[in-house]
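Colleague: Structure incoming, see below.
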Amino acid sequence: MKDKNLAQKKPGKKKKIGIAVAAAAAVIVILAAVRSMGGQTAEVASMISPVEVEPVQRRDLSDTISLRGTIAGESRTNVTSAAAAEITAMNVQVGDVVKEGDVLCVLDSEAIEEQIASLEKSISDADSVDSINGKQLADAVEQAKIDQQVQIEAAKRQLEEAEQAAAAAAQAYSQNPGDETFPAAMSAQRSLEAARSNYAVVLDSTNRAVENAQLQVELSKYQNGDTTAQDTLDDLREQLADCEVKAPCGGVVTAVNMSVGDINAKQTTILTIEDTSRLKLVATVEEADILRLEEGMKASVTADATGAEEISGSVTRVVRVKNQSQGMTGDAAAAGGYSVEISIDSSKLLIGMEAKARVIVQDKGMMLAVPYDLIRYDEDGSAFVLTAVKNEDGSATAVRKNITVGEEVDYYTEVTGGELSEGDMLIYDYEGMIAEGDSFSPEQMYSEQSLEGTSDDGGEGETQ
């Protein structure tokens with residue numbers, strides 16, 4: 001899709017209608033005169049036929065896309081507060097210019113402070129109880145370790161004594177085997193085995209006692225590890241700090257959504273600040289054009305507020321996804337269309353203004369061009385146009401000018417070569433009624449532009 005701004009109505013349409021009416025009236029008068037004089041009606045009809053001629057010009061044949069949109073700040077910041085409290089003061093209104101750190105509004109902090117004080121006391125009391133319980137459990141672990149040491153040492157002494165008794169009985173039996181020493185040796189051996197078993201039992205039981213005491217200590221950590229109260233306290237402290245809402249950046253306040261007396265809720269936008277140090281145009285794009293747009297393309301922006309002045313800009317963002325959100329406003333894609341953002345190198349415009357942009361897809365610049373429907377073609381495909389070349393008597397003759405055609409941009413076709421020159425008087429014959437070699441009187445020719453200035457080989461005519 002080419003830029004609709006380049007499309008023009010066929011030159012001379014309105015004038016043609018007026019001239020045609022005048023010519024028709026003239027036909028009646030002249031025919032009547034000719035009949036009385038016995039003249040030739042064919043010559044009269046030829047003489048009164050109007051012929052439009054216009055000078056060939058260079059035109060901007062750049063491939064462009066025209067867009068409409070709204071001026072916005074380069075960035076937009078929605079200001080919120082974590083405090084769930086009543087707004088007691090609103091210090092700004094739409095249109096105010098703010099600096100980073102300015103206090104925008106104030107929320108009631110009294111209720112939050114009371115909640116914090118109550119919760120802090122509860123947590124402090126709970127911490128005291130936990131501290132006492134923790135000390136008791138730690139003491140139990142130490143006591144279990146002491147008890148283990150005492151019992152192990154006692155079992156160890158019994159084992160050592162049994163080992164000594166068993167060794168002495170065994171030595172006596174080896175020195176004097178018999179019925180008198182054998183029972184003593186067996187008894188001492190059984191006592192040794194019992195001492196060993198007792199030592200193992202004492203070691204195992206005391207280890208379990210110590211482990212159980214330590215386990216109680218670990219379990220108490222989990223029992224006291226519920227962070228709900230602490231998390232609530234942290235949240236309240238965050239809310240308290242957010243009761244004084246400050247500007248996170250500088251800019252212009254473009255929306256104020258709450259007022260004094262309203263109760264704020266988290267994630268609710270209280271107001272909006274837009275950075276006006278740089279502006280952008282946010283515009284919707286038709287499906288036929290969205291794939292042709294790329295970031296970095298140059299653009300010119302105009303608005304009613306700045307008249308005919310063209311403000312330079314460039315495409316900074318192309319959104320190739322249709323916005324599916326419902327009930328959203330303030331976004332170019334909110335209506336369901338694709339969107340584009342164009343940064344603007346000017347601060348003259350204001351946020352919210354309507355503006356138009358012409359995005360240059362291909363910059364061809366000023367090229368020699370003619371209306372596409374005036375180009376004729378031979379059977380071999382050769383292109384040519386008819387021009388009005390001035391004769392000495394002031395009349396003009398239709399002369400063929402061969403041309404080489406290039407790209408077509410809306411109503412015009414680029415002329416890349418051939419015999420046609422800028423300023424040649426192009427014959428605007430849309431119906432193909434004029435042939436090469438036809439002649440026209442000065443009275444037959446008219447132009448939407450002045451025909452006084454022509455090229456060396458161009459025709460000259462008078463405006464009727």
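By convention in this document, the chains of the structure tokens carry letters A, B, ... by their order, each chain's residues are numbered from 1, and ligands are numbered from 1 in the order they are shown.
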So that I can see what lies close to region 84-100 of chain A, please list as a list in words the residues with an atom at most 8 Å from it, counting only C-alpha atoms and leaving out residues fewer than 6 positions away in the same chain.
Modeller: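 Residues near the query, excluding close chain neighbours: Val106, Leu107, Asp108, Ser109, Gln239, Cys243, Lys246, Ala247, Pro248, Cys249, Gly250, Gly251, Val252, Val253, Thr254, Ala255, Val256, Ser259, Val260, Gly261, Asp262, Ile263, Asn264, Ala265 and Lys266 of chain A.
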Colleague: Please extract the residues of region 125-270 of chain A with a backbone DSSP assignment of alpha helix (DSSP H) and present them as a VMD selection string.
Modeller: chain A and resid 125 to 175 182 to 223 228 to 241
Colleague: Extract, using only C-alpha atoms, all DNA, RNA and protein residues at most 9 Å from Gln216 (chain A), discarding same-chain residues fewer than 5 positions from it, and format them as a PDB file with C-alpha atoms, in the first residue's frame.
Modeller:
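The result, stored in around.pdb:
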ATOM      1  CA  LEU A 137      15.998 -27.919  75.950  1.00  0.00           C
ATOM      2  CA  ALA A 138      19.647 -26.977  75.731  1.00  0.00           C
ATOM      3  CA  VAL A 141      20.974 -31.964  76.182  1.00  0.00           C
ATOM      4  CA  GLU A 211      20.191 -37.832  70.542  1.00  0.00           C
ATOM      5  CA  LYS A 221      13.408 -24.603  65.945  1.00  0.00           C
TER       6      LYS A 221
END
Colleague: With distances taken over only C-alpha atoms, which residue among A:Thr387, A:Ser395, A:Thr284, A:Thr316 lies nearest Ser66 (chain A)?
Modeller: A:Thr284
Colleague: If we count only C-alpha atoms, what is near Ile351 (chain A) at a cut-off of 8 Å, once residues fewer than 5 positions away on the same chain are taken out, given as number ranges by chain?
Modeller: A: 70-73, 276, 279
Colleague: Using only C-alpha atoms, which of A:Ile360, A:Val415, A:Val405, A:Cys105 sits nearest Met258 (chain A)?
Modeller: A:Cys105
Colleague: List as a list in words the protein and nucleic acid residues near Lys298 (chain A), meaning an atom at most 8 Å away when only C-alpha atoms are counted, but skip any in the same chain fewer than 6 places from it.
Modeller: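 Here the qualifying residues turn out to be Ser312, Gly313, Ser314, Val315, Val359, Ile360 and Val361 of chain A.
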Colleague: Suppose you want the space between CA of Gln143 (chain A) and CA of Val217 (chain A); what is it in Å?
Modeller: 13.3 Å
Colleague: Using only C-alpha atoms, I'd like a table of the residues in region 243-296 of chain A that come within 6 Å of region 339-349 of chain A; for each, show the closest atom pair and its distance in Å rounded to one decimal, ordered by chain and ascending number, as a Markdown table.
Modeller:
| residue | atom | partner | partner_atom | distance |
| --- | --- | --- | --- | --- |
| A:Leu279 | CA | A:Ile344 | CA | 5.5 |
| A:Lys280 | CA | A:Ser343 | CA | 4.2 |
| A:Leu281 | CA | A:Ile342 | CA | 5.0 |
| A:Val282 | CA | A:Glu341 | CA | 4.7 |
| A:Ala283 | CA | A:Val340 | CA | 5.5 |
| A:Thr284 | CA | A:Ser339 | CA | 4.4 |
| A:Val285 | CA | A:Ser339 | CA | 5.3 |
Colleague: Tell me, in Å to one decimal, how far CA of Ile152 (chain A) is from CA of Tyr199 (chain A).
Modeller: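 Interatomic distance here is 6.9 Å.
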Colleague: Measuring between only C-alpha atoms, which one of A:Thr404, A:Gln189, A:Ala155, A:Val245 shows the shortest distance to Val103 (chain A)?
Modeller: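 Comparing A:Thr404, A:Gln189, A:Ala155, A:Val245 against Val103 (chain A), the winner is A:Val245.
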Colleague: Write out as a ChimeraX atom specification the set of residues from region 108-299 of chain A that DSSP, computed on the backbone, places in strand (DSSP E).
Modeller: /A:244-246,251-256,271-274,279-285,298-299
Colleague: Keeping N, CA and C atoms for every residue in the selection just given, could you write it to a file as a short mmCIF file (atom, residue, chain, number, x, y, z; two decimals), in the first residue's frame?
Modeller:
data_model
loop_
_atom_site.label_atom_id
_atom_site.label_comp_id
_atom_site.auth_asym_id
_atom_site.auth_seq_id
_atom_site.Cartn_x
_atom_site.Cartn_y
_atom_site.Cartn_z
N GLU A 244 3.89 7.97 52.40
CA GLU A 244 4.27 9.21 51.72
C GLU A 244 4.74 8.82 50.32
N VAL A 245 3.90 9.07 49.35
CA VAL A 245 4.18 8.64 47.97
C VAL A 245 4.97 9.72 47.26
N LYS A 246 6.17 9.34 46.81
CA LYS A 246 7.05 10.30 46.13
C LYS A 246 7.17 9.95 44.64
N GLY A 251 8.49 14.51 35.24
CA GLY A 251 7.60 14.50 34.10
C GLY A 251 6.34 15.28 34.37
N VAL A 252 5.31 14.97 33.57
CA VAL A 252 4.02 15.64 33.69
C VAL A 252 2.98 14.64 34.18
N VAL A 253 2.17 15.06 35.14
CA VAL A 253 1.09 14.20 35.63
C VAL A 253 -0.02 14.18 34.58
N THR A 254 -0.27 13.00 34.01
CA THR A 254 -1.27 12.89 32.93
C THR A 254 -2.56 12.22 33.40
N ALA A 255 -2.57 11.65 34.60
CA ALA A 255 -3.80 11.03 35.12
C ALA A 255 -3.74 10.99 36.63
N VAL A 256 -4.85 11.33 37.28
CA VAL A 256 -5.00 11.21 38.73
C VAL A 256 -6.26 10.40 38.95
N LEU A 271 -1.79 7.56 40.30
CA LEU A 271 -1.65 8.57 39.26
C LEU A 271 -0.59 8.11 38.26
N THR A 272 -0.51 8.82 37.16
CA THR A 272 0.43 8.46 36.08
C THR A 272 1.29 9.67 35.73
N ILE A 273 2.59 9.40 35.57
CA ILE A 273 3.54 10.44 35.18
C ILE A 273 4.15 10.05 33.83
N GLU A 274 4.18 11.02 32.92
CA GLU A 274 4.80 10.78 31.62
C GLU A 274 6.02 11.67 31.47
N LEU A 279 9.26 13.04 23.26
CA LEU A 279 7.90 12.66 22.91
C LEU A 279 7.89 11.57 21.86
N LYS A 280 6.74 10.93 21.73
CA LYS A 280 6.57 9.91 20.69
C LYS A 280 5.15 9.96 20.19
N LEU A 281 4.97 9.49 18.97
CA LEU A 281 3.64 9.34 18.39
C LEU A 281 3.29 7.86 18.44
N VAL A 282 2.17 7.54 19.07
CA VAL A 282 1.69 6.16 19.14
C VAL A 282 0.51 6.04 18.19
N ALA A 283 0.65 5.19 17.16
CA ALA A 283 -0.36 5.13 16.12
C ALA A 283 -0.75 3.70 15.81
N THR A 284 -1.98 3.53 15.33
CA THR A 284 -2.43 2.22 14.87
C THR A 284 -1.98 2.03 13.42
N VAL A 285 -1.84 0.77 13.03
CA VAL A 285 -1.36 0.43 11.69
C VAL A 285 -2.30 -0.60 11.08
N LYS A 298 12.79 6.39 8.91
CA LYS A 298 12.58 7.82 9.14
C LYS A 298 11.11 8.17 8.94
N ALA A 299 10.70 9.24 9.60
CA ALA A 299 9.31 9.67 9.51
C ALA A 299 9.23 11.18 9.67
#
Colleague: CA of Glu142 (chain A) and CA of Ile123 (chain A) are how many Å apart?
Modeller: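 CA of Glu142 (chain A) sits 28.2 Å away from CA of Ile123 (chain A).
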Colleague: What's around Ala383 (chain A) at 12 Å? Count only C-alpha atoms, leave out sequence neighbours fewer than 6 positions away in its own chain, and write the answer as a ChimeraX atom specification.
Modeller: /A:370,372-377,400-406,413,415-420
Colleague: Could you save the residues just selected, with N, CA and C atoms, as a tab-separated table (two decimals), in the first residue's frame?
Modeller:
chain	number	residue	atom	x	y	z
A	370	VAL	N	4.96	11.14	-14.43
A	370	VAL	CA	3.74	11.50	-15.14
A	370	VAL	C	2.60	10.65	-14.62
A	372	TYR	N	0.01	7.85	-14.43
A	372	TYR	CA	0.15	6.54	-15.06
A	372	TYR	C	-0.86	6.32	-16.20
A	373	ASP	N	-2.05	6.95	-16.11
A	373	ASP	CA	-3.06	6.69	-17.14
A	373	ASP	C	-2.90	7.58	-18.36
A	374	LEU	N	-1.80	8.36	-18.42
A	374	LEU	CA	-1.49	9.11	-19.63
A	374	LEU	C	-0.42	8.43	-20.46
A	375	ILE	N	0.13	7.34	-19.94
A	375	ILE	CA	1.18	6.61	-20.66
A	375	ILE	C	0.52	5.68	-21.68
A	376	ARG	N	1.02	5.71	-22.93
A	376	ARG	CA	0.54	4.83	-23.98
A	376	ARG	C	1.63	3.83	-24.34
A	377	TYR	N	1.22	2.72	-24.92
A	377	TYR	CA	2.17	1.65	-25.23
A	377	TYR	C	1.97	1.17	-26.66
A	400	ARG	N	4.88	13.04	-30.02
A	400	ARG	CA	5.18	11.83	-29.24
A	400	ARG	C	6.54	11.97	-28.57
A	401	LYS	N	6.60	11.60	-27.30
A	401	LYS	CA	7.87	11.54	-26.57
A	401	LYS	C	8.02	10.14	-25.97
A	402	ASN	N	9.02	9.42	-26.46
A	402	ASN	CA	9.28	8.07	-25.94
A	402	ASN	C	9.88	8.16	-24.53
A	403	ILE	N	9.44	7.26	-23.67
A	403	ILE	CA	9.92	7.27	-22.28
A	403	ILE	C	10.23	5.84	-21.82
A	404	THR	N	11.07	5.77	-20.81
A	404	THR	CA	11.31	4.51	-20.09
A	404	THR	C	10.69	4.66	-18.70
A	405	VAL	N	9.83	3.74	-18.36
A	405	VAL	CA	9.09	3.88	-17.10
A	405	VAL	C	9.75	3.07	-15.98
A	406	GLY	N	9.57	3.58	-14.75
A	406	GLY	CA	10.06	2.89	-13.56
A	406	GLY	C	8.91	2.44	-12.68
A	413	THR	N	3.79	7.58	-12.32
A	413	THR	CA	4.77	6.58	-12.72
A	413	THR	C	6.10	7.28	-12.96
A	415	VAL	N	9.58	8.24	-14.49
A	415	VAL	CA	10.18	8.26	-15.82
A	415	VAL	C	11.69	8.20	-15.63
A	416	THR	N	12.28	7.08	-16.01
A	416	THR	CA	13.71	6.86	-15.76
A	416	THR	C	14.58	7.19	-16.97
A	417	GLY	N	13.96	7.40	-18.13
A	417	GLY	CA	14.75	7.71	-19.32
A	417	GLY	C	13.84	8.04	-20.49
A	418	GLY	N	14.48	8.40	-21.64
A	418	GLY	CA	13.71	8.72	-22.83
A	418	GLY	C	13.83	10.16	-23.23
A	419	GLU	N	12.84	10.63	-23.97
A	419	GLU	CA	12.90	11.95	-24.58
A	419	GLU	C	12.20	13.04	-23.75
A	420	LEU	N	11.46	12.63	-22.75
A	420	LEU	CA	10.68	13.59	-21.97
A	420	LEU	C	11.57	14.38	-21.02
Colleague: Of the candidates A:Glu113, A:Glu163, A:Glu52, A:Asp289, which shows the shortest atom-to-atom distance to Ala185 (chain A), using only C-alpha atoms?
Modeller: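 The answer is A:Glu163, which sits nearest to Ala185 (chain A).
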Colleague: Using only C-alpha atoms, pick whichever of A:Pro50, A:Ile116, A:Arg358, A:Pro55 has the shortest atom-to-atom distance to Gly423 (chain A).
Modeller: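 Checking each candidate against Gly423 (chain A), we get A:Pro55 as the closest.
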